[in-house]
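Chemist: First the structure, then my questions, so here it is.
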Protein chains: 4
Amino acid sequence: MAQTLNIGMIGYGFMARTHSNAYRKVNNFFDVPYQPVLKTVCGLVDAEAKSFAAKWGYESSCTDWRKVVESKDIDIIEICVPNNLHAQIAIAAAKAGKMIICEKPLALNSEQALTMVEAVEKAGVANLVSFNYRRVPAVTLAKQLIDQGRLGKIFHYRANFLQDWTISTEVPQGGMATWRLDVKAAGSGVTGDLLAHCIDTAMWQNGPITKVNAMTETFVKERKSVESGKVEPVGIDDACTFFCRFGNGSLGNFESTRYARGHKALYTFEINGEKASIRWDLHDLHRLQYFDHRDESIVRGWRSVHVTDGDQPYMKHWWVPGLQIGYEHTFVHQAADFLEGLAKGKPASPTFREALETQRVCDAVLASAKSGTWVDVKR
Amino acid sequence: MAQTLNIGMIGYGFMARTHSNAYRKVNNFFDVPYQPVLKTVCGLVDAEAKSFAAKWGYESSCTDWRKVVESKDIDIIEICVPNNLHAQIAIAAAKAGKMIICEKPLALNSEQALTMVEAVEKAGVANLVSFNYRRVPAVTLAKQLIDQGRLGKIFHYRANFLQDWTISTEVPQGGMATWRLDVKAAGSGVTGDLLAHCIDTAMWQNGPITKVNAMTETFVKERKSVESGKVEPVGIDDACTFFCRFGNGSLGNFESTRYARGHKALYTFEINGEKASIRWDLHDLHRLQYFDHRDESIVRGWRSVHVTDGDQPYMKHWWVPGLQIGYEHTFVHQAADFLEGLAKGKPASPTFREALETQRVCDAVLASAKSGTWVDVKR
Amino acid sequence: MAQTLNIGMIGYGFMARTHSNAYRKVNNFFDVPYQPVLKTVCGLVDAEAKSFAAKWGYESSCTDWRKVVESKDIDIIEICVPNNLHAQIAIAAAKAGKMIICEKPLALNSEQALTMVEAVEKAGVANLVSFNYRRVPAVTLAKQLIDQGRLGKIFHYRANFLQDWTISTEVPQGGMATWRLDVKAAGSGVTGDLLAHCIDTAMWQNGPITKVNAMTETFVKERKSVESGKVEPVGIDDACTFFCRFGNGSLGNFESTRYARGHKALYTFEINGEKASIRWDLHDLHRLQYFDHRDESIVRGWRSVHVTDGDQPYMKHWWVPGLQIGYEHTFVHQAADFLEGLAKGKPASPTFREALETQRVCDAVLASAKSGTWVDVKR
Amino acid sequence: MAQTLNIGMIGYGFMARTHSNAYRKVNNFFDVPYQPVLKTVCGLVDAEAKSFAAKWGYESSCTDWRKVVESKDIDIIEICVPNNLHAQIAIAAAKAGKMIICEKPLALNSEQALTMVEAVEKAGVANLVSFNYRRVPAVTLAKQLIDQGRLGKIFHYRANFLQDWTISTEVPQGGMATWRLDVKAAGSGVTGDLLAHCIDTAMWQNGPITKVNAMTETFVKERKSVESGKVEPVGIDDACTFFCRFGNGSLGNFESTRYARGHKALYTFEINGEKASIRWDLHDLHRLQYFDHRDESIVRGWRSVHVTDGDQPYMKHWWVPGLQIGYEHTFVHQAADFLEGLAKGKPASPTFREALETQRVCDAVLASAKSGTWVDVKR
């Protein structure tokens, strides 16, 4: 019988749903030596916390996250709240000796992130930042192909994250649904929310980014605040483009915006190596595009790989070839990897320490956009 | 508090997994007035039934389906076993007053199917056949567009279901993994297994098929039997093509095979109407292709609709626009519709009675392939 | 200096343009030992023939095709007029000892086609039927791959030719622009016009078709006649579907219609072999889709081959890799192959004799649609 | 009868072929009031010039471009030679009162380009720079849609031009086939060769670029020189990325490289406006991707517009709907527009003056890449 691990969920929004679903499913599909138990969920509004608990089968709910953090019943703290709350919860949880899984980006900035890293390392608790897109099977497969050296020397890394949901000036800032537009809650705009995903994947696949040169823009300069009810200046970046150098000599080009009409959540990346190239996008996440120059020339072309076979990452746990999985499965994979890592004493990636590097690139990007010059990424 | 409904699962194979998963998830994502409980699972091998029960949280397991059918604890019987067992289980379950959800095809042939229909109708029990692909959001959206009259008069309906997993002569027939190749267990080959899906969707969208003309082929004439250990003649159709007439005057063209190298489970359909056309395929199930001739001519083209928005069928229950769901969700939708129909006294489709029509088309197809002539579909 | 060959063009419509363009370009791009000269063009209306001559650089024009056929100045007769005129012109041209290039389909039916075959063979003149799609580079590449045995044993051949230009009941029959809807001029509808292309390519790639089973439909039963000005019954097939057996044991499925809303000229084919599969479509004619099961499993997928490289058929004669050619180039390739064949004494395909086979399949298809049963293809 | 215009072609390479082909075809497909005559072709090697003349039907050939420029027989000088020769030929031709069509980029840099602009304007001769991709029908259609205001306020312009033909270190620099790698002949690498196309199209569609921030890289630092036979340093940029600001407030992101394995000539652009977005790529140049947010939400999606209809730019001159044209046709369109402009006294775009703006952006890009900072585009 698997050992139970009690989950204390902080937050009851979108991300709380993805993580709760993962814990409910992981043992049905993966042989992991732990059985997560949805113990308690915590959120600001009591009725909503109760309702979430009922929906997802949490044993209880509350409104004070400190109680959860301090509870002896809880093994893992899940941080699924706005970015400005991550640090205090994580540091308290670390002090209380809890394992922590924190939504991305780790913190508002790298200084804050560093304090979190120090806290979990001092406490010696297992920790993970939820950069879930690493665990799309096609993305994991891309990583494997790169690690096997199939691409040869890398020349280019290109990534976009394009959305279109904030084009209307009627979208407010702040509140439960739109805190990502409020700089106080989010820290930054697309840089921390979307480019952080791209940067995490990129450095995982292609090594460290050493310096960056960026441009940002805020298209809608003021929006109504949900909290104050007044029109207030917008402090976030609506769009951000940067190019960069990787430590391995390759060039990077990254762009994100919430003003790309026609794209709901189009995260794409492409890697060009001497011998092969890879492309992927989130709108058809179960496919990997692969071009291998070693293929015989007359039948050489981009291969559209339908990543649903048992020998491709994670897929033997699901259905049969040809039947695709979706977005939510990345969180199940994350849970499985975390629990497996726990059993083996080998932490799953990215830890807080690893996520700090992404935060540092984000900081350099925002600094470069301000200064209009190249900025070195701090180490 | 939702009323509980106890599930008795007959079978512990692939389909038992999809249905079990659906029951575990449905209340997390849908507000339905019933709470399914995974009560007992039944299968031939005791150890495997136990293992399945542990994996999925069934309270108990057994090896005699009659006990499940007769148990007072059970409200719904799930029939997830090979086709040749459907009828006896369903008829016994109906007599015991249980609700029944049966995997497709309903039976080995329409005579047998008719006895099942009569049994459930006599008993007055809720019943459903699991033609799950109706509940892919893009497929349901297609149905809505047709019902709204957007396509105008229909000229053509075209559907394929292409696989490639039985090309090797080393694949055996019979047994747990390959019973679909054994005519005794399956009744037919691609006709009942794959074309039944196409026919069900087609008649749901485009009305009755009145007559058919078919060709079948068995490429590999003999295979080793898992049961006997000997090489035996193959009785199923490896491939089947038919054209047909619909009651509304449109023409149909259907094909299925397990010898289409490169296609794992490529179910596709296309409907051509006077004013608009629709295409869909299972390999990218979250997309609907839509062409509207009323669009302004210079910018007219096939639209690739990413069916992930809250105003598209089922999608408000899942994540946010741009984030796709997959295969398994069709079973969650089926469970939700069944439970909702139960509460409203309005059965979900297709009932056994409706699935009988699909069986009759399959029978006509197989008869036509034998006779080499047009065969009318029995009414 | 290349030897000149004088062209006598019968017709000044769409096909006369494609052939004239081919003759004007062939020597710029191919090293062929003949230089075609646009000598004379012949058509019903004098002013239009003159205008066509001026536009394309023909030295003269006339209105009586017999004069062209009998002229000592003419080496090659081009037959680019409605189908009902092919036979008489071809037979006269053969008697006059002219080489003949005839638009497809060769004749109204196979009896008529046979008289044409006998005429050219008796006269010993070079002859070709313009099934131009064979000479799309991607289609020729497909043929090469098949001939190299890369696909292994063939299981399935599937082809469609879908259009949507006759859906409106306002489209008339007969006349210059719409003779294809007039059974007297065209002989049949989509069968002779569109399926003839599919059948020609299919038998070239996959060998003879031995028997067929077909269904046809005429959706619009009467249309105004351009000639009579009156509404008259429509004699052509608007849509035709057939399945068939090839001599090599593979199954065929063919469909054509002019009522597939959203498709302008979507000729597609797919061939499934034991080891590899191929797909192609006319709307993106410069691409070949290729799936090779021998590819390593984790990166196996359909390859989208951009057929624009110098080592792919015909392409070294054009531009540089990545730069696509289009529809009209197929006629240039046809002209080049014909002239090269002439020089080498090895006729280009398909000759009248070869095209007769396609005509026989068309006849069998139409006969089967009438009888509702399988019909053997005459040999 | 159309007035003849005598062409003097300088160069016999790839571009000389595209332009010669255009002049041979333009009167067959377009009603323009001039008839170009291929008069003389000029190139370094006498035998090759003679051979080119024979192939394309030039009346004569020579090896001294000054003779062509000064010849009374010549009306239009075509400059199809490496970039470092453009200025002297153009200035001499202008002085001799000839019309000039010059390949892109106009010059080695904007100072040189300015002298050319001044020369043609002083001489009052018709002039055009051959940015042919503007005249891909899908690209012209995009321009029309933008000019009609369909996209609303523009937020983003994104363009790539990706190739992979110089990855091998064995590719030399200099000579007939690889002068584009020799900085003395080409002036720059991908910036002048490829990004110049992107910049020309972008400013035509979206207005002036005001400032840029760029990064360049030379992956292969030295290559064998065809001229010297020795290994020499490479002076060109192998890759260039820049972001920029347009005068209308939108953001630009441009990238070009010859090290993107898998892309032969993948020129792509995407424009995101408040109401609609557009995408296009050169590998499927006959398609335009169009997303219109005003479409009804449940069937909203990217439309794949097959730009082959008579009401779409240029297409009524070619074949019938569904039949695609290719790369070479852009030069026919250019010739038609130039000749029509000539007749109407309204010059075709881009003139030397307009192309100077593109050159200035290229200069700013190269300067920014050196300085690592934002550079204003000179006006």
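Ordering of the structure tokens sets the chain letters (A, B, ...), residue numbers begin anew at 1 in every chain, and ligands are numbered from 1 in the order given.
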As a VMD selection string, please: all residues of segment 142-348 of chain B that backbone DSSP puts in alpha helix (DSSP H).
Modeler: chain B and resid 142 to 147 175 to 178 183 to 186 190 196 to 206 329 to 344
Chemist: Report as a CSV table (one decimal) with N, CA, C and O atoms, in the first residue's frame the set of chain B residues whose atoms approach chain D to within 8 Å, with distances computed over only C-alpha atoms.
Modeler:
chain,number,residue,atom,x,y,z
B,290,TYR,N,-13.9,24.3,-40.9
B,290,TYR,CA,-15.2,24.8,-41.3
B,290,TYR,C,-15.0,25.7,-42.5
B,290,TYR,O,-14.2,26.7,-42.5
B,297,SER,N,-15.8,36.6,-50.7
B,297,SER,CA,-15.0,35.7,-51.6
B,297,SER,C,-13.5,35.9,-51.4
B,297,SER,O,-12.8,34.9,-51.4
B,298,ILE,N,-13.0,37.1,-51.3
B,298,ILE,CA,-11.5,37.2,-51.4
B,298,ILE,C,-10.8,36.7,-50.1
B,298,ILE,O,-9.6,36.4,-50.1
B,299,VAL,N,-11.6,36.5,-49.0
B,299,VAL,CA,-11.0,36.0,-47.8
B,299,VAL,C,-11.7,34.7,-47.4
B,299,VAL,O,-11.7,34.3,-46.2
B,300,ARG,N,-12.2,34.0,-48.3
B,300,ARG,CA,-12.9,32.7,-48.0
B,300,ARG,C,-11.9,31.6,-48.0
B,300,ARG,O,-11.0,31.6,-48.8
B,301,GLY,N,-12.0,30.8,-47.0
B,301,GLY,CA,-11.1,29.6,-46.9
B,301,GLY,C,-11.6,28.7,-45.7
B,301,GLY,O,-12.5,29.1,-45.0
B,302,TRP,N,-11.0,27.6,-45.7
B,302,TRP,CA,-11.3,26.7,-44.6
B,302,TRP,C,-10.8,27.3,-43.3
B,302,TRP,O,-9.6,27.7,-43.2
B,303,ARG,N,-11.6,27.3,-42.3
B,303,ARG,CA,-11.2,27.9,-41.0
B,303,ARG,C,-10.8,26.7,-40.1
B,303,ARG,O,-11.5,25.7,-40.0
B,304,SER,N,-9.7,26.9,-39.5
B,304,SER,CA,-9.2,25.9,-38.5
B,304,SER,C,-9.7,26.4,-37.1
B,304,SER,O,-9.0,27.2,-36.5
B,305,VAL,N,-10.8,25.8,-36.6
B,305,VAL,CA,-11.4,26.3,-35.4
B,305,VAL,C,-10.8,25.5,-34.2
B,305,VAL,O,-10.9,24.2,-34.2
B,306,HIS,N,-10.1,26.1,-33.3
B,306,HIS,CA,-9.5,25.5,-32.2
B,306,HIS,C,-10.6,25.4,-31.1
B,306,HIS,O,-10.9,26.4,-30.4
B,307,VAL,N,-11.2,24.3,-31.0
B,307,VAL,CA,-12.4,24.2,-30.2
B,307,VAL,C,-12.1,24.1,-28.7
B,307,VAL,O,-12.1,23.0,-28.1
B,309,ASP,N,-12.9,27.0,-26.5
B,309,ASP,CA,-13.5,28.2,-25.9
B,309,ASP,C,-14.8,27.8,-25.1
B,309,ASP,O,-15.4,26.8,-25.4
B,311,ASP,N,-17.7,28.9,-25.0
B,311,ASP,CA,-19.0,28.9,-25.7
B,311,ASP,C,-19.1,27.7,-26.7
B,311,ASP,O,-20.1,27.6,-27.4
B,312,GLN,N,-18.1,26.9,-26.7
B,312,GLN,CA,-18.1,25.7,-27.6
B,312,GLN,C,-18.5,24.5,-26.7
B,312,GLN,O,-18.2,24.5,-25.5
Chemist: Let's see if you can do this: from backbone DSSP, list all strand (DSSP E) residues in segment 55-290 of chain A, as a ChimeraX atom specification.
Modeler: /A:60-62,76-79,99-103,127-130,154-162,209-217,222-224,231-233,239-246,251-257,266-273,276-281,287-290
Chemist: Considering only C-alpha atoms, state which residue in the set A:Glu357, A:Glu328, A:Asp337, A:Asp46 is at the smallest distance from Glu111 of chain A.
Modeler: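 Using only C-alpha atoms, Glu111 of chain A sits closest to A:Glu357.
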Chemist: Segment 196-226 of chain D near segment 179-186 of chain D within 10 Å: what's each residue's closest atom pair and its distance in Å to one decimal, counting only C-alpha atoms, ordered by chain then ascending residue number, as CSV?
Modeler:
residue,atom,partner,partner_atom,distance
D:Arg223,CA,D:Leu181,CA,9.0
D:Ser225,CA,D:Asp182,CA,8.1
D:Val226,CA,D:Trp179,CA,8.9
Chemist: Write the residues of the selection above to a file with C-alpha atoms, as a PDB file, in the first residue's frame.
Modeler:
ATOM      1  CA  ARG D 223      35.763  30.178 -46.005  1.00  0.00           C
ATOM      2  CA  SER D 225      37.557  32.268 -51.686  1.00  0.00           C
ATOM      3  CA  VAL D 226      36.646  31.226 -55.215  1.00  0.00           C
TER       4      VAL D 226
END
Chemist: Excluding same-chain residues fewer than 4 positions from Thr201 of chain B, what lies within 8 Å of it counting only C-alpha atoms, as a short mmCIF file (atom, residue, chain, number, x, y, z; two decimals) with C-alpha atoms, in the first residue's frame?
Modeler:
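Result saved to out_11.cif:
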data_model
loop_
_atom_site.label_atom_id
_atom_site.label_comp_id
_atom_site.auth_asym_id
_atom_site.auth_seq_id
_atom_site.Cartn_x
_atom_site.Cartn_y
_atom_site.Cartn_z
CA TYR B 133 -16.75 10.16 -30.37
CA ARG B 134 -20.08 11.99 -30.57
CA HIS B 197 -18.35 4.70 -34.87
CA GLN B 205 -25.55 14.19 -37.98
#
Chemist: Restricting the calculation to only C-alpha atoms, which member of B:Ser60, B:Thr169, B:Thr257, B:Thr241 is positioned closest to Glu222 of chain B?
Modeler: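 Checking each of B:Ser60, B:Thr169, B:Thr257, B:Thr241 against Glu222 of chain B, counting only C-alpha atoms, the winner is B:Thr169.
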Chemist: For atom CA of Pro137 of chain C and atom CA of Tyr327 of chain D, determine how far apart the two atoms are, in Å to one decimal place.
Modeler: 15.3 Å
